[in-house]
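> Sharing a structure, written as structure tokens. Questions coming.
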Amino acid sequence: MSMRGIAMLKNSCRVALKELKHWIVPEKANTPLAVFPASAGILSEPLGVVLIISAWNYPFLLSLDPLVGAIAAGNAMVLKPSEIAPATSSLLAKLVMKYLDNSSIRVIEGSVAETSALLEQKWDKIFYTGNGRVARIVMTAAAKHLTPVLLELGGKSPVVIDAGINIQVATRRIIAGKWGCNNGQACISPDYIITTKDYASKLVDTLKIELERFYGKNPLESKGLSRIVNSNHFARLTKLLDEDKVSGKIVYGGERDKENLKIAPTILLDVPLDSLIMNEEIFGPLLPIILVNKIEESFDLINAGSKPLAAYLFTNNKKLKEHFVMSVSAGGIVINDTTVHLAVHTLPFGGVGESGMGAYHGKFSFDAFSHKKAVLYRGFAGDVAIRYPPYTPGKLRIMKALIVSGKRNIIRAVLGWGKV
């Protein structure tokens, strides 16, 4: 259980406690002349009973952070922690039972059978964090009941590195976002780097220096490096690394400890785009580097694939920043850093396309678990004859003008001056 995850969860609670009194206030809405006199508002109401299915990589944060939003919005909920992190799942069950209202919040532990049974039930919303394969199963089950879903998935989050930057700061921030975040086992972890052929050697050399500074000459012995979650994921990562067209591209790292499920930070240079490692989310400590002639070529390369959960650019070029933000479609974009947008509660966190749908954090969590109910208030005054049959050409002309809501059109309609 990471201290960073606990700190972020505590901040989510603080924000909700501080801001909830503002979030629940109905929003005022303007009304057109057609319904005068009237007032209108948008009222947030609970969806009902929601299901939250969380992931294993940050099992505490990814279970309870959505729960904060669901509670703030007034829902009852069932939490299904990941069975791949059984110790945290067991702890969550005990803590929720002890400290939260069990009449409206329950934890269900278990594996595939229990999750399948939960998905058969009718929910008012399902919040799922995980991979695209299971997300399709969740969506299929939800469709049977027309249940809305919020899917927090992942994807291949690219890092584009331009020349002329502070390369030491850039590589440190990449290392923090890649290996410092659960050894690459994070949904917004940098998945691969794109840089120019001319800049690649400087980038690789700096990465090597900074990685050794952080994790030592034998990173497998470093206490600062997370292990791979289980043997299945270890085998999956090993397969990516041992592919014939990839194994010869290792320029740093590659060491493995199968018994302790540890893989050293590994950099691969000039990896083929048709390799396995470039066609699935890595979710581990392997970092391929793709080479281009001009940095602008990276934009088309990114957009040729599925839309990622995050995209990162390191540059001092203002036009390049603007072009990247406008042309690259991703769940979130960070310029000159990685992963830190996750901690900004005033930004929505979520994917687009295959990296997910919907967003949460801060007020966005409250909104994700709320129905925005439209309310229009009217009295008994202002009841005009033109609303009722028979509908004469004059009535229809005035009604059309009212709907268009232009004062000039209304005057023309009343006076019978031409077409409205």
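We label chains A, B, ... in the order they appear in the structure tokens, count residues from 1 in each chain, and number ligands from 1 in the order shown.
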Which residues come within 9 Å of region 90-102 of chain A, counting only C-alpha atoms, excluding same-chain residues fewer than 3 positions away, as number ranges by chain?

A: 60, 63-64, 79, 81, 85-87, 105-109

> When DSSP is applied to the backbone of this structure, which of region 99-322 of chain A are assigned alpha helix (DSSP H)? Write them out as a PyMOL selection string.

chain A and resi 99+112-119+132-143+167-178+200-215+231-242+244-247+297-303+318-322

> Find the residues of region 155-224 of chain A that sit at most 7 Å from region 250-267 of chain A; for each, write down the nearest two atoms and how far apart they are in Å, to one decimal. Count only C-alpha atoms. Sort by chain, then by number going up, and give it as a tab-separated table.


```
residue	atom	partner	partner_atom	distance
A:Trp179	CA	A:Pro265	CA	6.9
A:Pro219	CA	A:Ala264	CA	5.8
A:Leu220	CA	A:Ala264	CA	5.7
```

> Write out as a short mmCIF file (atom, residue, chain, number, x, y, z; two decimals) with all heavy atoms, in the first residue's frame which residues come within 9 Å of Pro32 (chain A) when counting only C-alpha atoms, dropping same-chain ones fewer than 4 positions away.


```
data_model
loop_
_atom_site.label_atom_id
_atom_site.label_comp_id
_atom_site.auth_asym_id
_atom_site.auth_seq_id
_atom_site.Cartn_x
_atom_site.Cartn_y
_atom_site.Cartn_z
N PHE A 36 -41.62 32.61 -20.42
CA PHE A 36 -41.75 33.70 -19.44
C PHE A 36 -43.19 33.78 -18.93
O PHE A 36 -44.14 33.62 -19.69
CB PHE A 36 -41.36 35.02 -20.11
CG PHE A 36 -41.49 36.22 -19.22
CD1 PHE A 36 -40.47 36.56 -18.35
CD2 PHE A 36 -42.66 36.98 -19.22
CE1 PHE A 36 -40.59 37.66 -17.52
CE2 PHE A 36 -42.79 38.08 -18.39
CZ PHE A 36 -41.76 38.42 -17.53
N ALA A 38 -40.74 32.45 -15.78
CA ALA A 38 -40.32 31.13 -15.27
C ALA A 38 -38.90 31.24 -14.73
O ALA A 38 -38.16 32.19 -15.01
CB ALA A 38 -40.37 30.09 -16.37
N LEU A 402 -41.35 33.65 -30.70
CA LEU A 402 -41.02 33.43 -29.29
C LEU A 402 -39.95 32.36 -29.12
O LEU A 402 -39.06 32.47 -28.28
CB LEU A 402 -42.28 33.05 -28.51
CG LEU A 402 -43.26 34.19 -28.22
CD1 LEU A 402 -44.57 33.63 -27.68
CD2 LEU A 402 -42.65 35.17 -27.21
N ILE A 403 -40.06 31.31 -29.94
CA ILE A 403 -39.07 30.23 -29.84
C ILE A 403 -37.71 30.71 -30.29
O ILE A 403 -36.68 30.39 -29.69
CB ILE A 403 -39.55 29.01 -30.67
CG1 ILE A 403 -40.80 28.41 -30.01
CG2 ILE A 403 -38.44 27.97 -30.77
CD1 ILE A 403 -41.48 27.36 -30.85
N VAL A 404 -37.69 31.52 -31.36
CA VAL A 404 -36.44 32.09 -31.83
C VAL A 404 -35.87 33.07 -30.80
O VAL A 404 -34.66 33.23 -30.66
CB VAL A 404 -36.64 32.78 -33.19
CG1 VAL A 404 -35.36 33.51 -33.62
CG2 VAL A 404 -37.03 31.76 -34.25
N SER A 405 -36.78 33.72 -30.03
CA SER A 405 -36.42 34.60 -28.91
C SER A 405 -35.69 35.87 -29.30
O SER A 405 -34.93 36.42 -28.51
CB SER A 405 -35.58 33.83 -27.88
OG SER A 405 -36.36 32.86 -27.26
#
```

> If we count only C-alpha atoms and set the cut-off at 8 Å, which residues sit around Pro26 (chain A), ignoring sequence neighbours fewer than 5 positions away in its own chain? Please answer as a PDB file with C-alpha atoms, in the first residue's frame.


```pdb
ATOM      1  CA  GLY A  41     -32.308  25.020 -12.303  1.00  0.00           C
ATOM      2  CA  ILE A  42     -30.236  21.871 -12.522  1.00  0.00           C
ATOM      3  CA  LEU A  43     -30.466  19.638  -9.463  1.00  0.00           C
ATOM      4  CA  SER A  44     -27.889  16.933  -8.700  1.00  0.00           C
TER       5      SER A  44
END
```

> What does the structure give for the distance between CA of Glu45 (chain A) and CA of His371 (chain A), in Å to one decimal?

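Going from CA of Glu45 (chain A) over to CA of His371 (chain A) covers 5.2 Å.
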
> Apply DSSP to the backbone of this structure and, from region 111-312 of chain A, keep only the residues in strand (DSSP E); write these as a ChimeraX atom specification.

/A:125-129,149-152,158-161,192-196,250-252,256-257,262-263,266-269,286-292,310-312

> Would you pick out the contacts of region 287-302 of chain A at 10 Å or less, using only C-alpha atoms, so that residues sharing its chain but fewer than 3 positions from it are not included, and give the list as a PyMOL selection string?

chain A and resi 156-163+178-179+184+190-200+203-204+246+249-252+265-273+277-278+282-284+305-308+311+320+323-324+327-330

> One number please: CA of His145 (chain A) to CA of Ser103 (chain A), in Å, one decimal.

23.8 Å

> When you draw a straight line from CA of Ala70 (chain A) to CA of Leu51 (chain A), how long is it in Å?

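Between CA of Ala70 (chain A) and CA of Leu51 (chain A) the gap is 9.7 Å.
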
> Identify which of the residues A:Leu276, A:Leu313, A:Leu62, A:Ala135 lies closest to Leu237 (chain A), counting only C-alpha atoms when measuring atom-to-atom distances.

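The shortest atom-to-atom distance to Leu237 (chain A) comes from A:Leu276.
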
> Which residues are close to Pro348 (chain A), i.e. within 9 Å by only C-alpha atoms, leaving aside same-chain residues fewer than 2 positions away? Reply as a ChimeraX atom specification.

/A:331-332,342,344-346,350,358-365

> With only C-alpha atoms as the atoms that count, which of A:Ala34, A:Leu47, A:Leu20, A:Leu61 lies nearest to Ile398 (chain A)?

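Among A:Ala34, A:Leu47, A:Leu20, A:Leu61, it is A:Ala34 that comes nearest to Ile398 (chain A).
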
> Measuring between only C-alpha atoms, which one of A:Gly180, A:Gly110, A:Tyr215, A:Glu281 shows the shortest distance to Thr338 (chain A)?

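Using only C-alpha atoms, the shortest distance to Thr338 (chain A) belongs to A:Gly180.
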
> Counting only C-alpha atoms, which residue out of A:Ala40, A:Ile333, A:Met3, A:Ala143 sits closest to Val375 (chain A)?

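Closest residue, counting only C-alpha atoms: A:Ala40.
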